[in-house]
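Student: This is the content of structure_19.txt (compact mmCIF, C-alpha atoms and all ligand atoms):
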```
# COMPACT_ATOMS: atom_id res chain seq x y z
CA MET A 19 96.31 358.91 159.29
CA LEU A 20 99.35 359.92 157.39
CA LEU A 21 101.86 357.71 155.66
CA SER A 22 104.75 358.89 153.57
CA PHE A 23 105.62 357.71 150.07
CA SER A 24 108.58 358.98 148.14
CA ARG A 25 108.08 359.42 144.42
CA SER A 26 110.70 356.87 143.51
CA THR A 27 109.32 354.30 145.95
CA THR A 28 105.80 354.57 144.65
CA LEU A 29 106.88 354.46 141.03
CA VAL A 30 108.99 351.37 141.67
CA ALA A 31 106.07 349.80 143.55
CA ALA A 32 103.76 350.59 140.64
CA ALA A 33 106.14 348.91 138.19
CA PHE A 34 106.38 345.83 140.42
CA LEU A 35 102.60 345.53 140.79
CA SER A 36 102.20 346.01 137.07
CA PHE A 37 104.65 343.14 136.54
CA LEU A 38 102.71 340.91 138.97
CA SER A 39 99.42 341.60 137.26
CA GLY A 40 100.84 340.63 133.89
CA GLY A 41 101.43 344.19 132.77
CA ALA A 42 97.85 345.36 133.21
CA ALA A 43 97.69 349.11 133.60
CA LEU A 44 97.00 350.39 137.12
CA ALA A 45 95.11 353.62 137.31
CA GLY A 46 96.70 355.16 140.42
CA GLN A 47 95.80 358.54 141.81
CA ARG A 48 98.21 361.39 141.23
CA LEU A 49 98.35 363.50 144.40
CA VAL A 50 100.57 366.22 145.78
CA GLN A 51 102.38 365.95 149.10
CA PRO A 52 103.87 369.35 149.90
CA THR A 53 107.09 369.54 151.90
CA LEU A 54 107.86 372.30 154.41
CA GLU A 55 111.14 373.49 155.91
CA ILE A 56 112.32 376.49 157.92
CA SER A 57 114.24 378.71 155.52
CA ASP A 58 115.72 381.37 157.80
CA VAL A 59 117.66 379.42 160.45
CA PRO A 60 120.41 381.71 161.78
CA PRO A 61 123.95 380.46 161.14
CA GLY A 62 125.21 378.17 163.88
CA LYS A 63 121.75 377.46 165.25
CA ARG A 64 119.73 374.23 165.11
CA GLU A 65 116.04 375.08 164.79
CA VAL A 66 113.15 372.62 164.57
CA ALA A 67 109.39 373.13 164.31
CA ILE A 68 107.10 370.61 166.02
CA THR A 69 103.69 370.37 164.31
CA LEU A 70 101.04 368.11 165.82
CA ASP A 71 97.76 367.00 164.26
CA ALA A 72 94.60 366.64 166.36
CA CYS A 73 92.49 364.84 163.74
CA SER A 74 89.67 363.47 165.88
CA GLY A 75 89.75 361.24 168.95
CA GLU A 76 91.31 362.41 172.19
CA PHE A 77 94.29 364.34 173.56
CA ASP A 78 97.70 362.96 174.44
CA SER A 79 98.74 364.43 177.79
CA ARG A 80 102.16 362.72 177.56
CA ILE A 81 103.02 365.04 174.67
CA ALA A 82 101.36 368.05 176.29
CA SER A 83 103.40 367.55 179.47
CA ALA A 84 106.67 367.34 177.53
CA LEU A 85 105.81 370.61 175.76
CA ILE A 86 104.50 372.55 178.75
CA ASP A 87 107.08 371.33 181.30
CA GLY A 88 109.90 372.02 178.84
CA HIS A 89 108.48 375.37 177.63
CA VAL A 90 108.57 374.01 174.08
CA PRO A 91 106.50 375.93 171.52
CA ALA A 92 104.51 373.92 168.94
CA THR A 93 101.97 374.38 166.17
CA ILE A 94 98.79 372.32 166.67
CA PHE A 95 96.48 371.53 163.73
CA VAL A 96 92.96 370.86 165.01
CA THR A 97 89.72 369.83 163.31
CA GLY A 98 86.27 371.17 164.17
CA ARG A 99 85.42 367.60 165.09
CA TRP A 100 88.27 367.39 167.61
CA LEU A 101 87.41 370.78 169.12
CA ARG A 102 83.81 369.70 169.76
CA ARG A 103 84.95 366.72 171.84
CA ASN A 104 88.02 368.02 173.65
CA GLY A 105 86.99 371.10 175.61
CA GLU A 106 89.35 370.38 178.49
CA ALA A 107 92.33 369.94 176.20
CA LEU A 108 91.45 373.14 174.35
CA ALA A 109 91.39 375.01 177.69
CA LEU A 110 94.87 373.66 178.46
CA LEU A 111 96.18 374.83 175.08
CA LEU A 112 94.61 378.26 175.56
CA ALA A 113 96.13 378.53 179.02
CA HIS A 114 99.53 378.38 177.31
CA ARG A 115 99.06 380.73 174.39
CA ASP A 116 102.72 381.71 174.63
CA LEU A 117 103.60 378.16 173.56
CA PHE A 118 100.85 377.00 171.24
CA GLN A 119 99.78 378.23 167.83
CA ILE A 120 96.46 376.65 166.81
CA GLU A 121 95.81 376.14 163.09
CA ASP A 122 93.23 374.60 160.74
CA HIS A 123 93.14 370.83 160.09
CA GLY A 124 89.66 371.00 158.48
CA GLN A 125 86.17 370.78 159.90
CA GLU A 126 85.47 367.04 159.49
CA HIS A 127 88.95 365.67 158.67
CA LEU A 128 88.37 365.22 154.94
CA PRO A 129 91.31 364.97 152.53
CA ALA A 130 91.42 367.87 150.02
CA VAL A 131 91.04 365.36 147.22
CA THR A 132 88.53 365.23 144.37
CA GLY A 133 86.69 362.03 143.39
CA ASN A 134 85.44 359.15 145.54
CA GLU A 135 88.53 357.01 146.15
CA PRO A 136 89.34 356.85 149.90
CA ILE A 137 92.83 358.04 150.89
CA TYR A 138 94.28 355.56 153.43
CA GLY A 139 90.69 354.63 154.23
CA VAL A 140 89.54 358.25 154.73
CA ALA A 141 86.71 359.48 152.47
CA PRO A 142 87.84 362.54 150.50
CA ALA A 143 86.00 365.88 150.33
CA GLY A 144 85.11 365.01 146.70
CA ASP A 145 85.08 368.31 144.78
CA LEU A 146 86.40 371.87 145.03
CA PRO A 147 83.30 373.38 146.70
CA ALA A 148 83.44 370.68 149.40
CA ILE A 149 87.19 371.25 149.83
CA ARG A 150 86.64 374.99 150.28
CA ARG A 151 83.84 374.31 152.77
CA GLU A 152 86.07 371.94 154.76
CA VAL A 153 88.82 374.59 154.95
CA GLN A 154 86.48 377.50 155.73
CA ASP A 155 84.34 375.69 158.31
CA GLY A 156 87.49 374.40 160.01
CA ALA A 157 88.90 377.94 160.11
CA GLN A 158 85.65 379.24 161.60
CA SER A 159 85.78 376.54 164.29
CA VAL A 160 89.34 377.57 165.21
CA LEU A 161 88.35 381.24 165.30
CA THR A 162 85.31 380.52 167.49
CA ALA A 163 87.31 378.31 169.87
CA THR A 164 90.44 380.46 170.19
CA GLY A 165 89.50 384.00 169.14
CA ALA A 166 92.30 383.95 166.57
CA ALA A 167 91.88 383.26 162.84
CA PRO A 168 94.17 380.51 161.51
CA HIS A 169 96.59 381.21 158.63
CA TRP A 170 97.88 377.71 157.98
CA TYR A 171 95.98 374.72 156.61
CA ARG A 172 96.88 371.05 156.63
CA ASP A 173 94.28 368.60 155.35
CA ALA A 174 93.61 365.07 156.54
CA THR A 175 96.36 362.71 155.20
CA ALA A 176 98.51 365.71 154.04
CA LEU A 177 97.82 364.67 150.42
CA TYR A 178 96.04 366.99 147.96
CA SER A 179 94.58 366.85 144.49
CA PRO A 180 96.71 369.11 142.26
CA GLU A 181 93.79 371.50 141.73
CA ALA A 182 93.07 371.74 145.49
CA LEU A 183 96.32 373.50 146.41
CA PRO A 184 95.77 376.72 144.40
CA ALA A 185 92.14 376.78 145.60
CA ILE A 186 93.21 376.64 149.26
CA LYS A 187 95.99 379.21 148.76
CA ALA A 188 93.49 381.53 147.02
CA MET A 189 91.52 381.51 150.28
CA GLY A 190 94.53 383.08 151.99
CA PHE A 191 96.00 380.00 153.66
CA SER A 192 99.56 378.69 153.60
CA VAL A 193 99.58 374.92 153.18
CA ALA A 194 101.53 373.11 155.89
CA GLY A 195 103.59 370.24 154.57
CA PHE A 196 106.44 368.78 156.62
CA SER A 197 109.98 367.46 156.18
CA LEU A 198 110.08 364.75 158.85
CA ASN A 199 107.28 362.24 159.43
CA ALA A 200 107.85 361.18 163.05
CA ASP A 201 105.02 358.72 163.72
CA GLN A 202 103.39 357.70 160.40
CA GLY A 203 99.86 358.34 161.61
CA ALA A 204 100.66 357.37 165.24
CA SER A 205 101.40 353.86 163.96
CA LEU A 206 105.09 353.49 164.89
CA PRO A 207 106.63 352.07 168.11
CA ALA A 208 107.72 354.63 170.72
CA ARG A 209 111.47 354.02 170.29
CA THR A 210 111.25 354.46 166.52
CA VAL A 211 109.36 357.74 166.91
CA GLU A 212 111.81 358.98 169.53
CA GLY A 213 114.75 358.08 167.29
CA ARG A 214 113.27 359.89 164.28
CA ILE A 215 112.62 363.07 166.27
CA ALA A 216 115.99 362.98 168.06
CA ALA A 217 117.73 362.83 164.65
CA ALA A 218 115.94 365.93 163.27
CA LYS A 219 118.19 368.19 161.26
CA SER A 220 118.18 371.95 161.51
CA GLY A 221 115.24 373.45 159.60
CA ASP A 222 113.05 370.36 159.89
CA VAL A 223 109.29 370.69 160.25
CA ILE A 224 108.25 367.57 162.15
CA ILE A 225 104.76 366.07 161.91
CA ALA A 226 103.28 363.79 164.60
CA HIS A 227 99.89 363.17 166.19
CA VAL A 228 98.55 364.44 169.53
CA ASN A 229 95.17 362.69 169.41
CA GLN A 230 96.07 359.05 170.16
CA PRO A 231 96.81 358.77 173.90
CA HIS A 232 96.32 354.97 173.88
CA ARG A 233 98.99 354.25 171.26
CA ALA A 234 102.71 353.83 171.89
CA SER A 235 103.74 356.50 169.35
CA GLY A 236 102.79 359.40 171.64
CA GLN A 237 105.31 358.35 174.29
CA GLY A 238 107.94 358.42 171.55
CA VAL A 239 106.92 361.96 170.60
CA ALA A 240 107.28 363.09 174.23
CA ASP A 241 110.66 361.33 174.60
CA GLY A 242 111.87 362.68 171.27
CA ILE A 243 111.05 366.26 172.26
CA ARG A 244 112.99 365.82 175.52
CA ALA A 245 115.92 364.31 173.59
CA LEU A 246 116.06 367.32 171.25
CA GLN A 247 115.99 369.65 174.24
CA LYS A 248 119.00 367.88 175.74
CA GLN A 249 120.77 368.45 172.41
CA GLY A 250 120.21 372.21 172.74
CA VAL A 251 117.78 372.54 169.83
CA THR A 252 115.72 375.74 169.50
CA PHE A 253 112.02 375.04 168.93
CA VAL A 254 109.94 377.40 166.81
CA ARG A 255 106.31 377.75 165.72
CA LEU A 256 105.35 378.27 162.10
CA ASP A 257 104.31 381.87 162.86
CA GLN A 258 107.82 382.68 164.08
CA VAL A 259 109.86 381.74 161.01
CA GLN A 260 110.13 381.95 157.25
CA THR A 261 109.48 378.68 155.43
CA ARG A 262 109.90 377.10 152.01
CA SER A 263 107.75 374.41 150.45
CA LYS A 264 108.03 372.05 147.48
CA GLU A 265 105.21 370.14 145.83
CA ARG A 266 106.14 366.48 145.63
CA ILE A 267 104.02 364.21 143.43
CA THR A 268 103.01 360.80 144.69
CA VAL A 269 100.96 358.12 142.93
CA LEU A 270 98.58 356.32 145.25
CA HIS A 271 97.17 352.91 144.39
CA PRO A 272 94.10 351.50 146.16
CA PRO A 273 94.90 348.48 148.38
CA ARG A 274 92.80 346.07 146.31
CA VAL A 275 93.73 342.78 147.98
CA ALA A 276 93.51 344.19 151.52
CA SER A 277 90.15 345.83 150.93
CA ARG A 278 88.68 342.55 149.66
CA HIS A 279 89.58 340.83 152.96
CA LEU A 280 88.28 343.75 154.98
CA SER A 281 84.99 344.03 153.08
CA GLY A 282 85.83 347.54 152.04
CA GLN A 283 86.62 348.70 155.57
CA PRO A 284 89.99 350.38 156.07
CA LYS A 285 92.43 348.63 158.40
CA HIS A 286 93.00 351.75 160.46
CA ARG A 287 90.20 354.17 161.00
CA THR A 288 90.73 357.83 160.38
CA LEU A 289 92.91 359.51 162.98
ZN ZN A 301 94.72 364.35 160.57
```
Please express the file's structure as structure tokens.
Ligand SMILES: [Zn+2]

Tutor:
Amino acid sequence: MLLSFSRSTTLVAAAFLSFLSGGAALAGQRLVQPTLEISDVPPGKREVAITLDACSGEFDSRIASALIDGHVPATIFVTGRWLRRNGEALALLLAHRDLFQIEDHGQEHLPAVTGNEPIYGVAPAGDLPAIRREVQDGAQSVLTATGAAPHWYRDATALYSPEALPAIKAMGFSVAGFSLNADQGASLPARTVEGRIAAAKSGDVIIAHVNQPHRASGQGVADGIRALQKQGVTFVRLDQVQTRSKERITVLHPPRVASRHLSGQPKHRTL
């Protein structure tokens, strides 16, 4: 699952919660959410990169049809876990190698975060050796499944401990942030998702999910892709363009009240 927090929003929220709790200090977890944009869009062109996460779960054929029927290239981030359970979908992706670039989303869908605090209900890798193992094992799974070694990494939740980013880059991977969150972890209604994608600006790297065929969001992703096509947008994969990234800091606070009602169980399971 992936939700987006701007720095100002989270800081304001922290101040408000602090006020409610009588000024008691809230620990909060300082994490990095990298952005990503296309940096070499030719003048007069409108270029957009579709990036889709296959965390675990299944495969959304509504999105696949929009991509394949429209000859739309996309970058797909897959986990080892997803690959093990979606052989048919993998075969479909490999049958369209001209369209799809397959990259590393980790082996077991663990956030590249140190410590024990769950990130949106997802248990983190915990320490740097476990983070490196998650990246490397995920890369090996992609290589075994596709015959091509991945060069990009995006972790579960797209949030990172500050020390995780240099460790992942030192392994030779570029870290795939995004500039437009289309579906907020496949949690948004179809029309909202479609509207977000249709309004993409040139250079945007869009993130959405391709592993939730039973949720409404996926229909919005398919409709949004078709809407961009009608607008004459050029779609690119991450291996076809130059990109730029910024490291945005976000402060994450555990959902204390919610977790009490849910007996420690997250409201949404990991995607
Ligand atoms: Zn994911």

Student: Using all atoms listed in the file, tabulate the residues of segment 163-247 of chain A lying at most 9 Å from any atom of segment 87-91 of chain A, each with its closest atom pair and that distance in Å to one decimal, by chain and increasing residue number, as JSON lines.

Tutor:
```
{"residue": "A:Ile243", "atom": "CA", "partner": "A:Val90", "partner_atom": "CA", "distance": 8.3}
{"residue": "A:Arg244", "atom": "CA", "partner": "A:Gly88", "partner_atom": "CA", "distance": 7.7}
{"residue": "A:Gln247", "atom": "CA", "partner": "A:Gly88", "partner_atom": "CA", "distance": 8.0}
```

Student: Write out as a PyMOL selection string each polymer residue whose atoms come within 8 Å of segment 124-130 of chain A, counting all atoms listed in the file; drop sequence neighbours fewer than 2 positions from it.

Tutor: chain A and resi 73-74+96-99+122+132+137+140-144+149+152-157+159+171-179+182

Student: Kindly indicate which residue among A:Ile224, A:Ile120, A:Leu49, A:Ala92 lies nearest to Ser197 of chain A, using all atoms listed in the file for the distances.

Tutor: A:Ile224

Student: Have a look at A:Gly238, A:Gly221, A:Gly139, A:Gly46 and name the one nearest to Arg262 of chain A; count only C-alpha atoms.

Tutor: A:Gly221

Student: Ranking A:Gly133, A:Pro147, A:Gly203, A:Gly195 by minimum distance to ligand ZN 301 (chain A) and counting all atoms listed in the file, which one comes first?

Tutor: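 When distances to ligand ZN 301 (chain A) are compared using all atoms listed in the file, the smallest one comes from A:Gly203.
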
Student: From the set A:Leu70, A:Val50, A:Ile56, A:Ala113, which residue has the shortest atom-to-atom contact distance to ligand ZN 301 (chain A), counting only C-alpha atoms and all ligand atoms?

Tutor: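 Smallest distance to ligand ZN 301 (chain A) is found for A:Leu70.
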
Student: For ligand ZN 301 (chain A), which residue out of A:Asp201, A:Pro207, A:Asn229, A:Glu212 is the nearest one, using all atoms listed in the file?

Tutor: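 Among the listed residues, A:Asn229 lies closest to ligand ZN 301 (chain A).
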
Student: Find the spatial neighbours of Gly250 of chain A, counting all atoms listed in the file, within a cut-off of 10 Å - ignore same-chain residues fewer than 4 positions away - and output them as a PyMOL selection string.

Tutor: chain A and resi 63-65+245-246

Student: For the atom pair atom CA of Ser263 of chain A and atom CA of Gly62 of chain A, what is the interatomic distance in Å to one decimal place?

Tutor: 22.3 Å

Student: To box segment 222-232 of chain A, take all atoms listed in the file, fit an axis-aligned box, add 4 Å on each side, and give centre and edge lengths in Å to one decimal, as JSON.

Tutor:
```
{"center_x": 104.1, "center_y": 362.8, "center_z": 166.9, "size_x": 25.9, "size_y": 23.7, "size_z": 22.0}
```

Student: Point out the residue among A:Asp78, A:Thr53, A:Ser220, A:His123 with the least atom-to-atom distance to ligand ZN 301 (chain A), counting all atoms listed in the file.

Tutor: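 Closest residue, counting all atoms listed in the file: A:His123.
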
Student: Give me, as an NGL selection string, all polymer residues having an atom no more than 12 Å from Phe118 of chain A, counting only C-alpha atoms and skipping those fewer than 3 positions away in the same chain.

Tutor: :A and (67-70 or 82 or 85-86 or 89-96 or 108-115 or 121 or 164 or 166 or 253-258)

Student: So what do you get for atom CA of Leu117 of chain A versus atom CA of Arg214 of chain A, distance-wise?

Tutor: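 So the answer is 22.7 Å.
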
Student: Between atom CA of Ala185 of chain A and atom CA of Val259 of chain A, what is the distance, to one decimal in Å?

Tutor: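 These two atoms are separated by 24.0 Å.
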
Student: Pro231 of chain A: which residues within 10 Å, counting only C-alpha atoms, same-chain residues fewer than 2 positions away excluded, as a list in words?

Tutor: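 Contacts, in chain order: Gly75, Glu76, Phe77, Asp78, Ser79, Arg80, Ile81, Ala204, His227, Val228, Asn229, Arg233, Ala234, Ser235, Gly236 and Gln237 of chain A.
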
Student: Complete segment 256-267 of chain A at the level of N, CA and C atoms, written as a PDB file, in the frame of the given file.

Tutor:
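Done, and the output landed in part18.pdb:
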```
ATOM      1  N   LEU A 256     105.370 377.860 163.507  1.00  0.00           N
ATOM      2  CA  LEU A 256     105.350 378.270 162.100  1.00  0.00           C
ATOM      3  C   LEU A 256     105.148 379.778 161.948  1.00  0.00           C
ATOM      4  N   ASP A 257     104.516 380.422 162.962  1.00  0.00           N
ATOM      5  CA  ASP A 257     104.310 381.870 162.860  1.00  0.00           C
ATOM      6  C   ASP A 257     105.538 382.677 163.275  1.00  0.00           C
ATOM      7  N   GLN A 258     106.622 381.985 163.624  1.00  0.00           N
ATOM      8  CA  GLN A 258     107.820 382.680 164.080  1.00  0.00           C
ATOM      9  C   GLN A 258     108.954 382.659 163.062  1.00  0.00           C
ATOM     10  N   VAL A 259     108.750 381.959 161.956  1.00  0.00           N
ATOM     11  CA  VAL A 259     109.860 381.740 161.010  1.00  0.00           C
ATOM     12  C   VAL A 259     109.398 381.913 159.561  1.00  0.00           C
ATOM     13  N   GLN A 260     110.382 382.030 158.679  1.00  0.00           N
ATOM     14  CA  GLN A 260     110.130 381.950 157.250  1.00  0.00           C
ATOM     15  C   GLN A 260     110.236 380.481 156.839  1.00  0.00           C
ATOM     16  N   THR A 261     109.460 380.089 155.847  1.00  0.00           N
ATOM     17  CA  THR A 261     109.480 378.680 155.430  1.00  0.00           C
ATOM     18  C   THR A 261     109.585 378.578 153.910  1.00  0.00           C
ATOM     19  N   ARG A 262     109.968 377.395 153.445  1.00  0.00           N
ATOM     20  CA  ARG A 262     109.900 377.100 152.010  1.00  0.00           C
ATOM     21  C   ARG A 262     109.231 375.744 151.829  1.00  0.00           C
ATOM     22  N   SER A 263     108.540 375.617 150.701  1.00  0.00           N
ATOM     23  CA  SER A 263     107.750 374.410 150.450  1.00  0.00           C
ATOM     24  C   SER A 263     107.987 373.931 149.021  1.00  0.00           C
ATOM     25  N   LYS A 264     107.974 372.617 148.840  1.00  0.00           N
ATOM     26  CA  LYS A 264     108.030 372.050 147.480  1.00  0.00           C
ATOM     27  C   LYS A 264     106.829 371.133 147.319  1.00  0.00           C
ATOM     28  N   GLU A 265     106.375 370.998 146.079  1.00  0.00           N
ATOM     29  CA  GLU A 265     105.210 370.140 145.830  1.00  0.00           C
ATOM     30  C   GLU A 265     105.682 368.826 145.227  1.00  0.00           C
ATOM     31  N   ARG A 266     105.675 367.789 146.053  1.00  0.00           N
ATOM     32  CA  ARG A 266     106.140 366.480 145.630  1.00  0.00           C
ATOM     33  C   ARG A 266     104.954 365.663 145.141  1.00  0.00           C
ATOM     34  N   ILE A 267     105.118 365.017 143.991  1.00  0.00           N
ATOM     35  CA  ILE A 267     104.020 364.210 143.430  1.00  0.00           C
ATOM     36  C   ILE A 267     104.134 362.775 143.936  1.00  0.00           C
TER      37      ILE A 267
END
```
